[in-house]
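The next block is data_36.csv, given as CSV, N, CA and C atoms.
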chain,number,residue,atom,x,y,z
A,1,MET,N,13.9,26.9,-32.5
A,1,MET,CA,14.6,26.0,-31.6
A,1,MET,C,14.3,26.3,-30.2
A,2,LYS,N,14.3,27.6,-29.9
A,2,LYS,CA,14.0,28.0,-28.5
A,2,LYS,C,12.6,27.6,-28.1
A,3,LYS,N,11.7,27.6,-29.0
A,3,LYS,CA,10.3,27.3,-28.7
A,3,LYS,C,10.2,25.8,-28.4
A,4,ILE,N,11.0,24.9,-29.1
A,4,ILE,CA,11.0,23.5,-28.8
A,4,ILE,C,11.6,23.2,-27.5
A,5,ALA,N,12.7,23.9,-27.2
A,5,ALA,CA,13.4,23.7,-25.9
A,5,ALA,C,12.5,24.1,-24.8
A,6,LYS,N,11.7,25.3,-24.9
A,6,LYS,CA,10.8,25.7,-23.9
A,6,LYS,C,9.7,24.7,-23.7
A,7,SER,N,9.2,24.1,-24.8
A,7,SER,CA,8.1,23.1,-24.7
A,7,SER,C,8.6,21.9,-24.0
A,8,ILE,N,9.8,21.4,-24.4
A,8,ILE,CA,10.3,20.2,-23.7
A,8,ILE,C,10.6,20.5,-22.2
A,9,SER,N,11.1,21.6,-21.9
A,9,SER,CA,11.4,21.9,-20.5
A,9,SER,C,10.1,22.1,-19.7
A,10,PHE,N,9.0,22.6,-20.3
A,10,PHE,CA,7.7,22.7,-19.7
A,10,PHE,C,7.2,21.4,-19.5
A,11,LEU,N,7.3,20.5,-20.4
A,11,LEU,CA,6.8,19.1,-20.3
A,11,LEU,C,7.5,18.4,-19.2
A,12,LEU,N,8.8,18.5,-19.1
A,12,LEU,CA,9.6,17.9,-18.1
A,12,LEU,C,9.3,18.4,-16.7
A,13,ILE,N,9.0,19.7,-16.6
A,13,ILE,CA,8.6,20.3,-15.3
A,13,ILE,C,7.3,19.7,-14.9
A,14,ILE,N,6.3,19.6,-15.8
A,14,ILE,CA,5.0,19.0,-15.5
A,14,ILE,C,5.2,17.5,-15.0
A,15,LEU,N,6.0,16.8,-15.8
A,15,LEU,CA,6.3,15.4,-15.4
A,15,LEU,C,6.9,15.3,-14.0
A,16,PHE,N,7.8,16.3,-13.8
A,16,PHE,CA,8.5,16.3,-12.5
A,16,PHE,C,7.5,16.5,-11.3
A,17,PHE,N,6.6,17.4,-11.5
A,17,PHE,CA,5.6,17.7,-10.4
A,17,PHE,C,4.6,16.6,-10.3
A,18,LEU,N,4.3,15.9,-11.4
A,18,LEU,CA,3.3,14.9,-11.3
A,18,LEU,C,3.9,13.5,-11.0
A,19,SER,N,5.2,13.4,-10.9
A,19,SER,CA,5.9,12.2,-10.7
A,19,SER,C,5.5,11.5,-9.4
A,20,GLY,N,5.4,10.2,-9.4
A,20,GLY,CA,5.0,9.5,-8.2
A,20,GLY,C,3.6,9.6,-7.9
A,21,CYS,N,2.8,9.9,-8.9
A,21,CYS,CA,1.3,10.1,-8.7
A,21,CYS,C,0.7,8.8,-8.1
A,22,ALA,N,1.0,7.7,-8.7
A,22,ALA,CA,0.4,6.4,-8.2
A,22,ALA,C,0.9,6.1,-6.8
A,23,SER,N,2.1,6.5,-6.5
A,23,SER,CA,2.7,6.2,-5.2
A,23,SER,C,2.0,7.1,-4.2
A,24,LEU,N,1.8,8.3,-4.5
A,24,LEU,CA,1.1,9.2,-3.5
A,24,LEU,C,-0.4,8.8,-3.4
A,25,SER,N,-1.0,8.5,-4.5
A,25,SER,CA,-2.5,8.2,-4.4
A,25,SER,C,-2.7,6.9,-3.5
A,26,THR,N,-1.8,5.9,-3.7
A,26,THR,CA,-2.0,4.7,-2.9
A,26,THR,C,-1.6,4.9,-1.4
A,27,ARG,N,-0.6,5.8,-1.2
A,27,ARG,CA,-0.2,6.0,0.2
A,27,ARG,C,-1.2,6.8,1.0
A,28,PHE,N,-2.0,7.6,0.3
A,28,PHE,CA,-3.0,8.4,1.0
A,28,PHE,C,-4.4,7.8,0.9
A,29,ASP,N,-4.5,6.6,0.4
A,29,ASP,CA,-5.8,5.9,0.2
A,29,ASP,C,-6.1,5.2,1.5
A,30,ARG,N,-7.2,5.4,2.1
A,30,ARG,CA,-7.6,4.7,3.4
A,30,ARG,C,-7.7,3.2,3.2
A,31,ALA,N,-8.2,2.8,2.0
A,31,ALA,CA,-8.3,1.3,1.8
A,31,ALA,C,-7.0,0.6,1.8
A,32,TRP,N,-5.9,1.3,1.3
A,32,TRP,CA,-4.6,0.7,1.3
A,32,TRP,C,-4.1,0.7,2.7
A,33,GLN,N,-4.3,1.7,3.5
A,33,GLN,CA,-3.8,1.7,4.9
A,33,GLN,C,-4.6,0.7,5.7
A,34,GLU,N,-5.9,0.5,5.5
A,34,GLU,CA,-6.6,-0.5,6.3
A,34,GLU,C,-6.3,-1.9,5.9
A,35,LYS,N,-6.0,-2.1,4.6
A,35,LYS,CA,-5.7,-3.5,4.1
A,35,LYS,C,-4.3,-3.9,4.7
A,36,GLY,N,-3.5,-3.0,4.9
A,36,GLY,CA,-2.1,-3.3,5.3
A,36,GLY,C,-1.2,-2.9,4.3
A,37,ARG,N,0.0,-2.5,4.7
A,37,ARG,CA,1.0,-1.9,3.8
A,37,ARG,C,1.6,-3.0,3.0
A,38,ILE,N,2.1,-2.6,1.8
A,38,ILE,CA,2.8,-3.5,0.9
A,38,ILE,C,4.0,-2.6,0.4
A,39,VAL,N,5.0,-3.3,-0.1
A,39,VAL,CA,6.1,-2.6,-0.7
A,39,VAL,C,5.8,-2.3,-2.1
A,40,TYR,N,6.3,-1.2,-2.6
A,40,TYR,CA,6.2,-0.7,-3.9
A,40,TYR,C,4.7,-0.6,-4.3
A,41,PRO,N,3.9,0.1,-3.6
A,41,PRO,CA,2.4,0.2,-3.9
A,41,PRO,C,2.2,1.0,-5.2
A,42,GLY,N,3.0,2.1,-5.4
A,42,GLY,CA,2.8,2.9,-6.6
A,42,GLY,C,3.1,2.1,-7.9
A,43,VAL,N,4.2,1.3,-7.8
A,43,VAL,CA,4.6,0.5,-9.0
A,43,VAL,C,3.5,-0.5,-9.2
A,44,ARG,N,3.0,-1.2,-8.2
A,44,ARG,CA,1.9,-2.2,-8.4
A,44,ARG,C,0.7,-1.5,-9.0
A,45,GLU,N,0.4,-0.3,-8.5
A,45,GLU,CA,-0.8,0.3,-9.1
A,45,GLU,C,-0.6,0.7,-10.6
A,46,ASP,N,0.6,1.2,-10.9
A,46,ASP,CA,0.9,1.5,-12.3
A,46,ASP,C,0.8,0.3,-13.2
A,47,VAL,N,1.3,-0.8,-12.7
A,47,VAL,CA,1.2,-2.1,-13.5
A,47,VAL,C,-0.2,-2.5,-13.7
A,48,LYS,N,-1.1,-2.4,-12.6
A,48,LYS,CA,-2.5,-2.7,-12.8
A,48,LYS,C,-3.2,-1.8,-13.8
A,49,ILE,N,-2.8,-0.5,-13.7
A,49,ILE,CA,-3.4,0.4,-14.7
A,49,ILE,C,-2.9,0.2,-16.1
A,50,ALA,N,-1.7,-0.1,-16.3
A,50,ALA,CA,-1.1,-0.3,-17.6
A,50,ALA,C,-1.6,-1.6,-18.2
A,51,THR,N,-1.9,-2.6,-17.4
A,51,THR,CA,-2.5,-3.8,-17.9
A,51,THR,C,-4.0,-3.8,-18.0
A,52,GLY,N,-4.6,-2.7,-17.5
A,52,GLY,CA,-6.1,-2.6,-17.6
A,52,GLY,C,-6.9,-3.3,-16.6
A,53,LYS,N,-6.2,-3.7,-15.5
A,53,LYS,CA,-6.9,-4.5,-14.5
A,53,LYS,C,-7.6,-3.7,-13.5
A,54,SER,N,-7.3,-2.4,-13.4
A,54,SER,CA,-8.0,-1.6,-12.4
A,54,SER,C,-8.8,-0.5,-13.0
A,55,ILE,N,-9.2,-0.6,-14.2
A,55,ILE,CA,-9.9,0.4,-14.9
A,55,ILE,C,-11.3,-0.1,-15.4
A,56,THR,N,-12.3,0.7,-15.2
A,56,THR,CA,-13.6,0.3,-15.6
A,56,THR,C,-14.2,1.2,-16.7
A,57,ALA,N,-13.4,2.2,-17.1
A,57,ALA,CA,-13.9,3.1,-18.1
A,57,ALA,C,-13.7,2.5,-19.5
A,58,GLY,N,-14.1,3.4,-20.5
A,58,GLY,CA,-14.0,2.9,-21.9
A,58,GLY,C,-12.6,2.8,-22.4
A,59,LYS,N,-12.5,2.3,-23.7
A,59,LYS,CA,-11.2,2.0,-24.2
A,59,LYS,C,-10.3,3.3,-24.4
A,60,PRO,N,-10.8,4.4,-24.8
A,60,PRO,CA,-9.9,5.6,-24.9
A,60,PRO,C,-9.3,6.0,-23.6
A,61,THR,N,-10.1,5.9,-22.5
A,61,THR,CA,-9.6,6.2,-21.2
A,61,THR,C,-8.6,5.2,-20.8
A,62,ILE,N,-8.8,3.9,-21.1
A,62,ILE,CA,-7.8,2.9,-20.8
A,62,ILE,C,-6.5,3.2,-21.5
A,63,LEU,N,-6.6,3.5,-22.7
A,63,LEU,CA,-5.3,3.8,-23.5
A,63,LEU,C,-4.6,5.0,-22.9
A,64,MET,N,-5.3,6.1,-22.6
A,64,MET,CA,-4.6,7.2,-22.0
A,64,MET,C,-4.0,6.9,-20.6
A,65,ARG,N,-4.8,6.2,-19.8
A,65,ARG,CA,-4.3,5.9,-18.4
A,65,ARG,C,-3.2,4.9,-18.5
A,66,SER,N,-3.2,4.0,-19.5
A,66,SER,CA,-2.1,3.1,-19.6
A,66,SER,C,-0.8,3.8,-20.0
A,67,ILE,N,-0.9,4.7,-20.9
A,67,ILE,CA,0.2,5.5,-21.4
A,67,ILE,C,0.8,6.3,-20.2
A,68,TRP,N,-0.2,6.9,-19.4
A,68,TRP,CA,0.3,7.7,-18.3
A,68,TRP,C,1.0,6.8,-17.2
A,69,ALA,N,0.4,5.6,-17.0
A,69,ALA,CA,1.0,4.7,-16.0
A,69,ALA,C,2.4,4.3,-16.4
A,70,LEU,N,2.6,4.1,-17.7
A,70,LEU,CA,4.0,3.7,-18.2
A,70,LEU,C,4.9,4.9,-18.0
A,71,ILE,N,4.4,6.1,-18.2
A,71,ILE,CA,5.3,7.3,-18.0
A,71,ILE,C,5.6,7.5,-16.5
A,72,ASP,N,4.6,7.2,-15.7
A,72,ASP,CA,4.7,7.4,-14.2
A,72,ASP,C,5.5,6.3,-13.6
A,73,LEU,N,5.6,5.1,-14.2
A,73,LEU,CA,6.2,3.9,-13.6
A,73,LEU,C,7.7,4.2,-13.1
A,74,PRO,N,8.6,4.8,-13.8
A,74,PRO,CA,9.9,5.0,-13.2
A,74,PRO,C,9.9,6.0,-12.1
A,75,PHE,N,9.1,7.0,-12.1
A,75,PHE,CA,9.0,7.9,-11.0
A,75,PHE,C,8.4,7.3,-9.8
A,76,SER,N,7.4,6.4,-10.0
A,76,SER,CA,6.8,5.7,-8.8
A,76,SER,C,7.9,4.7,-8.3
A,77,PHE,N,8.6,4.1,-9.1
A,77,PHE,CA,9.7,3.2,-8.7
A,77,PHE,C,10.7,3.9,-7.8
A,78,ALA,N,11.1,5.1,-8.2
A,78,ALA,CA,12.1,5.9,-7.4
A,78,ALA,C,11.4,6.4,-6.1
A,79,PHE,N,10.2,6.8,-6.1
A,79,PHE,CA,9.5,7.3,-4.9
A,79,PHE,C,9.3,6.1,-4.0
A,80,ASP,N,8.9,5.0,-4.5
A,80,ASP,CA,8.6,3.8,-3.6
A,80,ASP,C,9.9,3.3,-3.1
A,81,THR,N,11.0,3.4,-3.8
A,81,THR,CA,12.3,2.9,-3.3
A,81,THR,C,12.8,3.8,-2.2
A,82,PHE,N,12.5,5.1,-2.3
A,82,PHE,CA,12.8,6.1,-1.3
A,82,PHE,C,12.1,5.7,0.0
A,83,PHE,N,10.8,5.3,-0.1
A,83,PHE,CA,10.0,5.0,1.1
A,83,PHE,C,10.0,3.5,1.4
A,84,LEU,N,11.0,2.7,0.9
A,84,LEU,CA,11.0,1.3,1.1
A,84,LEU,C,11.3,1.0,2.6
A,85,PHE,N,12.2,1.6,3.2
A,85,PHE,CA,12.5,1.4,4.6
A,85,PHE,C,11.4,1.7,5.6
A,86,PRO,N,10.7,2.9,5.4
A,86,PRO,CA,9.5,3.1,6.3
A,86,PRO,C,8.4,2.1,6.1
A,87,ASP,N,8.2,1.7,4.8
A,87,ASP,CA,7.2,0.7,4.5
A,87,ASP,C,7.5,-0.6,5.2
A,88,LEU,N,8.8,-1.1,5.1
A,88,LEU,CA,9.2,-2.3,5.7
A,88,LEU,C,9.0,-2.3,7.2
A,89,CYS,N,9.4,-1.1,7.8
A,89,CYS,CA,9.2,-1.0,9.3
A,89,CYS,C,7.7,-1.1,9.7
A,90,ALA,N,6.9,-0.4,8.9
A,90,ALA,CA,5.4,-0.5,9.2
A,90,ALA,C,4.9,-1.9,9.0
A,91,ILE,N,5.3,-2.6,8.0
A,91,ILE,CA,4.9,-4.0,7.8
A,91,ILE,C,5.3,-4.8,9.0
A,92,ILE,N,6.5,-4.7,9.4
A,92,ILE,CA,7.1,-5.5,10.5
A,92,ILE,C,6.3,-5.2,11.8
A,93,ASP,N,6.1,-3.9,12.0
A,93,ASP,CA,5.4,-3.4,13.2
A,93,ASP,C,4.0,-4.0,13.2
A,94,SER,N,3.3,-3.9,12.1
A,94,SER,CA,1.9,-4.4,12.1
A,94,SER,C,1.9,-6.0,12.3
A,95,LYS,N,2.8,-6.7,11.8
A,95,LYS,CA,2.9,-8.1,12.0
A,95,LYS,C,3.2,-8.4,13.5
A,96,LEU,N,4.1,-7.7,14.1
A,96,LEU,CA,4.4,-7.9,15.5
A,96,LEU,C,3.2,-7.5,16.4
A,97,GLU,N,2.5,-6.5,16.0
A,97,GLU,CA,1.3,-6.1,16.7
A,97,GLU,C,0.2,-7.2,16.6
A,98,ASN,N,0.0,-7.8,15.4
A,98,ASN,CA,-0.9,-8.8,15.2
A,98,ASN,C,-0.6,-10.0,16.1
A,99,ARG,N,0.7,-10.4,16.1
A,99,ARG,CA,1.1,-11.5,17.0
A,99,ARG,C,0.9,-11.2,18.4
A,100,GLY,N,1.1,-10.0,18.8
A,100,GLY,CA,0.8,-9.6,20.2
A,100,GLY,C,-0.7,-9.7,20.5
A,101,ASN,N,-1.5,-9.3,19.6
A,101,ASN,CA,-3.0,-9.4,19.8
A,101,ASN,C,-3.4,-10.9,19.9
A,102,GLU,N,-2.8,-11.7,19.0
A,102,GLU,CA,-3.1,-13.1,19.0
A,102,GLU,C,-2.7,-13.8,20.4
A,103,HIS,N,-1.5,-13.3,20.8
A,103,HIS,CA,-1.0,-13.9,22.1
A,103,HIS,C,-1.9,-13.5,23.3
A,104,LYS,N,-2.4,-12.2,23.3
A,104,LYS,CA,-3.3,-11.8,24.3
A,104,LYS,C,-4.6,-12.6,24.3
A,105,LYS,N,-5.1,-12.9,23.1
A,105,LYS,CA,-6.3,-13.7,23.0
A,105,LYS,C,-6.1,-15.1,23.5
A,106,ASP,N,-5.0,-15.6,23.2
A,106,ASP,CA,-4.6,-17.0,23.7
A,106,ASP,C,-4.5,-17.0,25.2
A,107,VAL,N,-3.9,-15.9,25.8
A,107,VAL,CA,-3.8,-15.8,27.2
A,107,VAL,C,-5.1,-15.7,27.9
A,108,GLN,N,-6.0,-14.9,27.3
A,108,GLN,CA,-7.3,-14.7,27.8
A,108,GLN,C,-8.1,-16.0,27.8
A,109,LYS,N,-8.0,-16.7,26.6
A,109,LYS,CA,-8.7,-18.0,26.5
A,109,LYS,C,-8.2,-19.0,27.5
A,110,ASN,N,-6.9,-19.1,27.7
A,110,ASN,CA,-6.4,-20.0,28.6
A,110,ASN,C,-6.8,-19.6,30.1
A,111,SER,N,-6.8,-18.3,30.4
A,111,SER,CA,-7.2,-17.9,31.7
A,111,SER,C,-8.7,-18.3,32.0
A,112,LYS,N,-9.5,-18.1,31.0
A,112,LYS,CA,-10.9,-18.5,31.1
A,112,LYS,C,-11.1,-20.0,31.4
A,113,GLU,N,-10.3,-20.8,30.6
A,113,GLU,CA,-10.3,-22.2,30.8
A,113,GLU,C,-9.9,-22.6,32.2
A,114,GLU,N,-8.8,-22.0,32.6
A,114,GLU,CA,-8.3,-22.3,34.0
A,114,GLU,C,-9.3,-21.9,35.0
A,115,LYS,N,-10.0,-20.8,34.9
A,115,LYS,CA,-11.0,-20.4,35.9
A,115,LYS,C,-12.1,-21.4,35.9
A,116,SER,N,-12.6,-21.9,34.7
A,116,SER,CA,-13.6,-22.8,34.7
A,116,SER,C,-13.2,-24.2,35.3
A,117,LEU,N,-12.0,-24.6,35.0
A,117,LEU,CA,-11.4,-25.8,35.7
A,117,LEU,C,-11.3,-25.7,37.2
A,118,ASN,N,-10.9,-24.5,37.6
A,118,ASN,CA,-10.8,-24.3,39.1
A,118,ASN,C,-12.2,-24.3,39.7
A,119,GLU,N,-13.1,-23.7,39.0
A,119,GLU,CA,-14.5,-23.7,39.6
A,119,GLU,C,-15.1,-25.1,39.7
A,120,LYS,N,-14.8,-25.9,38.7
A,120,LYS,CA,-15.2,-27.3,38.7
A,120,LYS,C,-14.6,-28.1,39.8
A,121,ARG,N,-13.3,-27.8,40.1
A,121,ARG,CA,-12.6,-28.5,41.1
A,121,ARG,C,-13.2,-28.1,42.5
A,122,ILE,N,-13.5,-26.8,42.6
A,122,ILE,CA,-14.1,-26.4,43.9
A,122,ILE,C,-15.4,-27.0,44.1
A,123,GLU,N,-16.2,-27.1,43.0
A,123,GLU,CA,-17.5,-27.7,43.1
A,123,GLU,C,-17.4,-29.2,43.5
A,124,GLN,N,-16.4,-29.9,43.0
A,124,GLN,CA,-16.2,-31.3,43.3
A,124,GLN,C,-15.8,-31.5,44.7
A,125,ASN,N,-15.1,-30.6,45.3
A,125,ASN,CA,-14.6,-30.7,46.7
A,125,ASN,C,-15.7,-30.3,47.6
Could you write out this structure as structure tokens?
Amino acid sequence: MKKIAKSISFLLIILFFLSGCASLSTRFDRAWQEKGRIVYPGVREDVKIATGKSITAGKPTILMRSIWALIDLPFSFAFDTFFLFPDLCAIIDSKLENRGNEHKKDVQKNSKEEKSLNEKRIEQN
């Protein structure tokens, strides 16, 4: 009985330390950071792995990764929920930054058009 309890506790400790694996891997992935942030990235990655959409390996690997993704899913959900507020702030910040950049481009374009119109007026006079 003690041996089974030790085995179960060892398994739970391993699962605890490996929890949120998809969440961590997506958060430290440069492609994810460059594409733009999304909410619940670990959960999305677990679902992709579980459905076989992000795996290019053979069937035994797909089965093992799918099982692991299903085990990891609740931990990724908890981890992603914990980081939901910072993710939302980063998303809003990037959208505001994009709007600011678009506004700057519009202002620059308008100022160039105004300069060319002023130059034409000066030439006409």
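Closest approach to Arg37 (chain A) among A:Ala78, A:Ile91, A:Ala50, A:Leu63: A:Ile91, based on all atoms listed in the file.
Here atom N of Ile8 (chain A) is placed at a distance of 22.3 Å from CA of Ser76 (chain A).
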One-decimal distance in Å that lies between atom C of Ile49 (chain A) and atom N of Ser66 (chain A):
5.1 Å
Of the residues A:Ala69, A:Leu12, A:Ile62, A:Ala22, which is the one nearest to Gly42 (chain A), using only C-alpha atoms?
A:Ala22
Contacts of Asp87 (chain A) at 10 Å or less, counting only C-alpha atoms, minus same-chain residues fewer than 5 places along, as a list in words?
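So the residues in contact are Arg37, Ile38, Val39, Tyr40, Pro41, Asp80, Thr81, Phe82, Ile92 and Asp93 of chain A.
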Provide the CA of Leu73 (chain A) to atom C of Glu45 (chain A) distance in Å, to one decimal place.
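Calculated distance between CA of Leu73 (chain A) and atom C of Glu45 (chain A) is 8.1 Å.
Here the question is which of A:Lys6, A:Arg65, A:Val43, A:Leu11 gets nearest to Phe79 (chain A) using only C-alpha atoms, and that residue is A:Val43.
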Quick one: axis-aligned box around all listed atoms of region 42-50 of chain A, 5 Å on every side, centre and edge lengths in Å to one decimal, written as lines of an AutoDock Vina configuration file.
center_x = 0.6
center_y = 0.1
center_z = -11.8
size_x = 18.0
size_y = 15.6
size_z = 22.8
